[in-house]
file target-v4.tsv (TSV, C-alpha atoms)
chain	number	residue	atom	x	y	z
A	1	MET	CA	53.34	-1.38	32.84
A	2	LYS	CA	54.68	-1.24	36.37
A	3	HIS	CA	52.18	-0.07	38.96
A	4	PRO	CA	53.53	2.79	41.16
A	5	MET	CA	52.46	0.91	44.30
A	6	MET	CA	54.80	-1.93	43.36
A	7	GLU	CA	57.78	0.37	42.72
A	8	VAL	CA	60.83	-0.58	44.76
A	9	ASN	CA	63.78	1.64	45.62
A	10	PHE	CA	67.06	0.33	46.99
A	11	TYR	CA	68.57	2.64	49.59
A	12	ASP	CA	71.35	0.62	51.24
A	13	THR	CA	71.98	-2.35	53.47
A	14	VAL	CA	71.63	-2.20	57.24
A	15	THR	CA	73.05	-4.32	60.03
A	16	VAL	CA	70.92	-5.57	62.90
A	17	GLY	CA	72.51	-4.49	66.16
A	18	GLU	CA	72.88	-6.45	69.37
A	19	ARG	CA	69.49	-5.22	70.61
A	20	GLY	CA	67.69	-5.85	67.30
A	21	GLN	CA	67.93	-2.24	66.16
A	22	VAL	CA	68.61	-1.02	62.64
A	23	VAL	CA	69.38	2.45	61.34
A	24	ILE	CA	67.18	3.64	58.49
A	25	PRO	CA	69.49	5.12	55.82
A	26	ALA	CA	69.51	8.94	55.75
A	27	LYS	CA	68.42	9.13	52.10
A	28	ALA	CA	65.39	6.94	52.85
A	29	ARG	CA	64.49	9.09	55.87
A	30	ARG	CA	64.75	12.27	53.81
A	31	GLU	CA	62.80	10.98	50.81
A	32	LEU	CA	60.11	9.37	52.97
A	33	GLY	CA	59.88	12.23	55.47
A	34	ILE	CA	60.69	10.05	58.47
A	35	LYS	CA	61.62	12.13	61.50
A	36	HIS	CA	62.69	11.54	65.10
A	37	LYS	CA	59.89	9.96	67.18
A	38	ASP	CA	57.77	9.07	64.13
A	39	LYS	CA	55.94	5.77	64.47
A	40	LEU	CA	56.34	3.06	61.84
A	41	ILE	CA	54.36	-0.15	61.54
A	42	VAL	CA	56.48	-3.23	60.79
A	43	LEU	CA	54.80	-5.91	58.68
A	44	ARG	CA	56.06	-9.29	57.52
A	45	ALA	CA	56.46	-9.30	53.74
A	46	PRO	CA	54.62	-11.90	51.65
A	47	GLY	CA	56.30	-15.31	51.69
A	48	ASN	CA	58.34	-14.48	54.81
A	49	MET	CA	60.84	-12.73	52.54
A	50	GLY	CA	61.49	-9.91	54.97
A	51	MET	CA	59.63	-6.98	56.40
A	52	VAL	CA	58.03	-3.74	55.35
A	53	MET	CA	57.85	-0.56	57.43
A	54	ILE	CA	55.02	1.90	56.85
A	55	HIS	CA	54.57	5.26	58.52
A	56	THR	CA	51.41	5.24	60.63
A	57	ASN	CA	50.25	8.42	58.87
A	58	HIS	CA	50.09	6.51	55.57
A	59	MET	CA	48.21	3.38	56.64
A	60	SER	CA	44.75	4.56	55.61
A	61	LYS	CA	46.08	5.65	52.21
A	62	LEU	CA	47.79	2.25	51.80
A	63	PHE	CA	44.57	0.35	52.59
A	64	GLU	CA	42.61	2.55	50.20
A	65	ARG	CA	45.08	1.88	47.36
A	66	MET	CA	45.28	-1.84	48.10
A	67	THR	CA	41.50	-2.14	48.08
A	68	LYS	CA	41.26	-0.24	44.81
A	69	HIS	CA	43.90	-2.40	43.13
A	70	ILE	CA	43.34	-5.74	44.89
A	71	GLY	CA	42.83	-7.67	41.64
A	72	GLU	CA	46.07	-6.34	40.18
A	73	ILE	CA	47.94	-7.07	43.43
A	74	LYS	CA	46.61	-10.67	43.48
A	75	LYS	CA	47.86	-11.19	39.92
A	76	LEU	CA	51.32	-9.88	40.81
A	77	LEU	CA	51.56	-12.02	43.95
A	78	SER	CA	50.44	-15.20	42.17
A	79	LYS	CA	53.32	-15.08	39.67
call {"tool": "encode", "arguments": {"input": "target-v4.tsv", "output": "structure tokens"}}
result
Amino acid sequence: MKHPMMEVNFYDTVTVGERGQVVIPAKARRELGIKHKDKLIVLRAPGNMGMVMIHTNHMSKLFERMTKHIGEIKKLLSK
């Protein structure tokens, strides 16, 4: 059974601009409630595979879920 925290959605591809900027696809912004001037935290993904952006308003909820499911997360990451 797939854990909801590990669910992945593909929105689109983005291109890194000259100044290192990317545009978050409109569908992702709508579905995730990201608005102008919102702050996002950028984290390196496990294994240097990329990055993850998390809205600052959701960080405490993320840590709570990760702590609750740390054993399950370790199993998934060790595969």
call {"tool": "residues_around", "arguments": {"input": "target-v4.tsv", "residues": "Met53 in chain A", "least_positions_apart": "4", "cutoff": "9 Å", "atoms": "only C-alpha atoms", "output": "PyMOL selection string"}}
result
chain A and resi 40-44
call {"tool": "write_last_selection", "arguments": {"input": "target-v4.tsv", "atoms": "C-alpha atoms", "output": "compact mmCIF listing (two decimals), in the coordinates of the input"}}
result
# COMPACT_ATOMS: atom_id res chain seq x y z
CA LEU A 40 56.34 3.06 61.84
CA ILE A 41 54.36 -0.15 61.54
CA VAL A 42 56.48 -3.23 60.79
CA LEU A 43 54.80 -5.91 58.68
CA ARG A 44 56.06 -9.29 57.52
call {"tool": "atom_distance", "arguments": {"input": "target-v4.tsv", "atom1": "CA of Thr56 in chain A", "atom2": "CA of Gly71 in chain A"}}
result
24.5 Å
call {"tool": "atom_distance", "arguments": {"input": "target-v4.tsv", "atom1": "CA of Gly33 in chain A", "atom2": "CA of His55 in chain A"}}
result
9.3 Å
call {"tool": "atom_distance", "arguments": {"input": "target-v4.tsv", "atom1": "CA of Ser78 in chain A", "atom2": "CA of Leu62 in chain A"}}
result
20.1 Å
call {"tool": "residues_around", "arguments": {"input": "target-v4.tsv", "residues": "Leu32 in chain A", "least_positions_apart": "3", "cutoff": "12 Å", "atoms": "only C-alpha atoms", "output": "short mmCIF file (atom, residue, chain, number, x, y, z; two decimals) with C-alpha atoms, keeping the file's coordinate frame"}}
result
data_model
loop_
_atom_site.label_atom_id
_atom_site.label_comp_id
_atom_site.auth_asym_id
_atom_site.auth_seq_id
_atom_site.Cartn_x
_atom_site.Cartn_y
_atom_site.Cartn_z
CA ASN A 9 63.78 1.64 45.62
CA TYR A 11 68.57 2.64 49.59
CA ILE A 24 67.18 3.64 58.49
CA PRO A 25 69.49 5.12 55.82
CA ALA A 26 69.51 8.94 55.75
CA LYS A 27 68.42 9.13 52.10
CA ALA A 28 65.39 6.94 52.85
CA ARG A 29 64.49 9.09 55.87
CA LYS A 35 61.62 12.13 61.50
CA ASP A 38 57.77 9.07 64.13
CA LEU A 40 56.34 3.06 61.84
CA MET A 53 57.85 -0.56 57.43
CA ILE A 54 55.02 1.90 56.85
CA HIS A 55 54.57 5.26 58.52
CA ASN A 57 50.25 8.42 58.87
CA HIS A 58 50.09 6.51 55.57
#
call {"tool": "build_atoms", "arguments": {"input": "target-v4.tsv", "residues": "range 16-51 of chain A", "atoms": "N, CA and C atoms", "output": "PDB file, keeping the file's coordinate frame"}}
result
ATOM      1  N   VAL A  16      71.707  -5.461  61.674  1.00  0.00           N
ATOM      2  CA  VAL A  16      70.920  -5.570  62.900  1.00  0.00           C
ATOM      3  C   VAL A  16      71.888  -5.556  64.075  1.00  0.00           C
ATOM      4  N   GLY A  17      71.660  -4.622  64.986  1.00  0.00           N
ATOM      5  CA  GLY A  17      72.510  -4.490  66.160  1.00  0.00           C
ATOM      6  C   GLY A  17      72.204  -5.524  67.219  1.00  0.00           C
ATOM      7  N   GLU A  18      72.995  -5.507  68.253  1.00  0.00           N
ATOM      8  CA  GLU A  18      72.880  -6.450  69.370  1.00  0.00           C
ATOM      9  C   GLU A  18      71.477  -6.483  69.965  1.00  0.00           C
ATOM     10  N   ARG A  19      70.828  -5.321  70.022  1.00  0.00           N
ATOM     11  CA  ARG A  19      69.490  -5.220  70.610  1.00  0.00           C
ATOM     12  C   ARG A  19      68.380  -5.276  69.571  1.00  0.00           C
ATOM     13  N   GLY A  20      68.702  -5.722  68.346  1.00  0.00           N
ATOM     14  CA  GLY A  20      67.690  -5.850  67.300  1.00  0.00           C
ATOM     15  C   GLY A  20      67.391  -4.556  66.582  1.00  0.00           C
ATOM     16  N   GLN A  21      68.194  -3.541  66.778  1.00  0.00           N
ATOM     17  CA  GLN A  21      67.930  -2.240  66.160  1.00  0.00           C
ATOM     18  C   GLN A  21      68.625  -2.126  64.810  1.00  0.00           C
ATOM     19  N   VAL A  22      68.007  -1.356  63.921  1.00  0.00           N
ATOM     20  CA  VAL A  22      68.610  -1.020  62.640  1.00  0.00           C
ATOM     21  C   VAL A  22      68.514   0.486  62.451  1.00  0.00           C
ATOM     22  N   VAL A  23      69.409   1.029  61.660  1.00  0.00           N
ATOM     23  CA  VAL A  23      69.380   2.450  61.340  1.00  0.00           C
ATOM     24  C   VAL A  23      68.811   2.595  59.937  1.00  0.00           C
ATOM     25  N   ILE A  24      67.770   3.389  59.798  1.00  0.00           N
ATOM     26  CA  ILE A  24      67.180   3.640  58.490  1.00  0.00           C
ATOM     27  C   ILE A  24      68.117   4.598  57.757  1.00  0.00           C
ATOM     28  N   PRO A  25      68.562   4.251  56.544  1.00  0.00           N
ATOM     29  CA  PRO A  25      69.490   5.120  55.820  1.00  0.00           C
ATOM     30  C   PRO A  25      68.959   6.546  55.678  1.00  0.00           C
ATOM     31  N   ALA A  26      69.873   7.517  55.781  1.00  0.00           N
ATOM     32  CA  ALA A  26      69.510   8.940  55.750  1.00  0.00           C
ATOM     33  C   ALA A  26      68.724   9.310  54.498  1.00  0.00           C
ATOM     34  N   LYS A  27      69.125   8.802  53.341  1.00  0.00           N
ATOM     35  CA  LYS A  27      68.420   9.130  52.100  1.00  0.00           C
ATOM     36  C   LYS A  27      66.970   8.649  52.160  1.00  0.00           C
ATOM     37  N   ALA A  28      66.751   7.460  52.713  1.00  0.00           N
ATOM     38  CA  ALA A  28      65.390   6.940  52.850  1.00  0.00           C
ATOM     39  C   ALA A  28      64.582   7.825  53.799  1.00  0.00           C
ATOM     40  N   ARG A  29      65.193   8.215  54.919  1.00  0.00           N
ATOM     41  CA  ARG A  29      64.490   9.090  55.870  1.00  0.00           C
ATOM     42  C   ARG A  29      64.112  10.413  55.218  1.00  0.00           C
ATOM     43  N   ARG A  30      65.040  10.990  54.482  1.00  0.00           N
ATOM     44  CA  ARG A  30      64.750  12.270  53.810  1.00  0.00           C
ATOM     45  C   ARG A  30      63.626  12.116  52.787  1.00  0.00           C
ATOM     46  N   GLU A  31      63.784  11.148  51.887  1.00  0.00           N
ATOM     47  CA  GLU A  31      62.800  10.980  50.810  1.00  0.00           C
ATOM     48  C   GLU A  31      61.421  10.588  51.325  1.00  0.00           C
ATOM     49  N   LEU A  32      61.384   9.840  52.429  1.00  0.00           N
ATOM     50  CA  LEU A  32      60.110   9.370  52.970  1.00  0.00           C
ATOM     51  C   LEU A  32      59.568  10.257  54.089  1.00  0.00           C
ATOM     52  N   GLY A  33      60.330  11.291  54.441  1.00  0.00           N
ATOM     53  CA  GLY A  33      59.880  12.230  55.470  1.00  0.00           C
ATOM     54  C   GLY A  33      59.810  11.634  56.859  1.00  0.00           C
ATOM     55  N   ILE A  34      60.683  10.677  57.154  1.00  0.00           N
ATOM     56  CA  ILE A  34      60.690  10.050  58.470  1.00  0.00           C
ATOM     57  C   ILE A  34      61.543  10.882  59.416  1.00  0.00           C
ATOM     58  N   LYS A  35      60.937  11.263  60.536  1.00  0.00           N
ATOM     59  CA  LYS A  35      61.620  12.130  61.500  1.00  0.00           C
ATOM     60  C   LYS A  35      61.698  11.457  62.870  1.00  0.00           C
ATOM     61  N   HIS A  36      62.521  12.023  63.722  1.00  0.00           N
ATOM     62  CA  HIS A  36      62.690  11.540  65.100  1.00  0.00           C
ATOM     63  C   HIS A  36      61.332  11.406  65.780  1.00  0.00           C
ATOM     64  N   LYS A  37      61.107  10.292  66.431  1.00  0.00           N
ATOM     65  CA  LYS A  37      59.890   9.960  67.180  1.00  0.00           C
ATOM     66  C   LYS A  37      58.689   9.603  66.313  1.00  0.00           C
ATOM     67  N   ASP A  38      58.860   9.557  64.980  1.00  0.00           N
ATOM     68  CA  ASP A  38      57.770   9.070  64.130  1.00  0.00           C
ATOM     69  C   ASP A  38      57.518   7.608  64.441  1.00  0.00           C
ATOM     70  N   LYS A  39      56.299   7.166  64.241  1.00  0.00           N
ATOM     71  CA  LYS A  39      55.940   5.770  64.470  1.00  0.00           C
ATOM     72  C   LYS A  39      55.800   5.065  63.120  1.00  0.00           C
ATOM     73  N   LEU A  40      56.415   3.882  63.038  1.00  0.00           N
ATOM     74  CA  LEU A  40      56.340   3.060  61.840  1.00  0.00           C
ATOM     75  C   LEU A  40      55.722   1.718  62.229  1.00  0.00           C
ATOM     76  N   ILE A  41      54.922   1.172  61.339  1.00  0.00           N
ATOM     77  CA  ILE A  41      54.360  -0.150  61.540  1.00  0.00           C
ATOM     78  C   ILE A  41      55.238  -1.130  60.773  1.00  0.00           C
ATOM     79  N   VAL A  42      55.630  -2.215  61.419  1.00  0.00           N
ATOM     80  CA  VAL A  42      56.480  -3.230  60.790  1.00  0.00           C
ATOM     81  C   VAL A  42      55.607  -4.433  60.450  1.00  0.00           C
ATOM     82  N   LEU A  43      55.600  -4.789  59.172  1.00  0.00           N
ATOM     83  CA  LEU A  43      54.800  -5.910  58.680  1.00  0.00           C
ATOM     84  C   LEU A  43      55.710  -6.970  58.077  1.00  0.00           C
ATOM     85  N   ARG A  44      55.326  -8.228  58.199  1.00  0.00           N
ATOM     86  CA  ARG A  44      56.060  -9.290  57.520  1.00  0.00           C
ATOM     87  C   ARG A  44      55.695  -9.247  56.044  1.00  0.00           C
ATOM     88  N   ALA A  45      56.686  -9.318  55.188  1.00  0.00           N
ATOM     89  CA  ALA A  45      56.460  -9.300  53.740  1.00  0.00           C
ATOM     90  C   ALA A  45      55.893 -10.642  53.290  1.00  0.00           C
ATOM     91  N   PRO A  46      55.176 -10.652  52.167  1.00  0.00           N
ATOM     92  CA  PRO A  46      54.620 -11.900  51.650  1.00  0.00           C
ATOM     93  C   PRO A  46      55.700 -12.969  51.494  1.00  0.00           C
ATOM     94  N   GLY A  47      55.362 -14.198  51.838  1.00  0.00           N
ATOM     95  CA  GLY A  47      56.300 -15.310  51.690  1.00  0.00           C
ATOM     96  C   GLY A  47      57.438 -15.302  52.685  1.00  0.00           C
ATOM     97  N   ASN A  48      57.289 -14.568  53.792  1.00  0.00           N
ATOM     98  CA  ASN A  48      58.340 -14.480  54.810  1.00  0.00           C
ATOM     99  C   ASN A  48      59.675 -14.019  54.225  1.00  0.00           C
ATOM    100  N   MET A  49      59.624 -13.173  53.196  1.00  0.00           N
ATOM    101  CA  MET A  49      60.840 -12.730  52.540  1.00  0.00           C
ATOM    102  C   MET A  49      61.531 -11.591  53.269  1.00  0.00           C
ATOM    103  N   GLY A  50      60.914 -11.041  54.257  1.00  0.00           N
ATOM    104  CA  GLY A  50      61.490  -9.910  54.970  1.00  0.00           C
ATOM    105  C   GLY A  50      60.412  -9.127  55.662  1.00  0.00           C
ATOM    106  N   MET A  51      60.626  -7.821  55.749  1.00  0.00           N
ATOM    107  CA  MET A  51      59.630  -6.980  56.400  1.00  0.00           C
ATOM    108  C   MET A  51      59.481  -5.668  55.652  1.00  0.00           C
TER     109      MET A  51
END
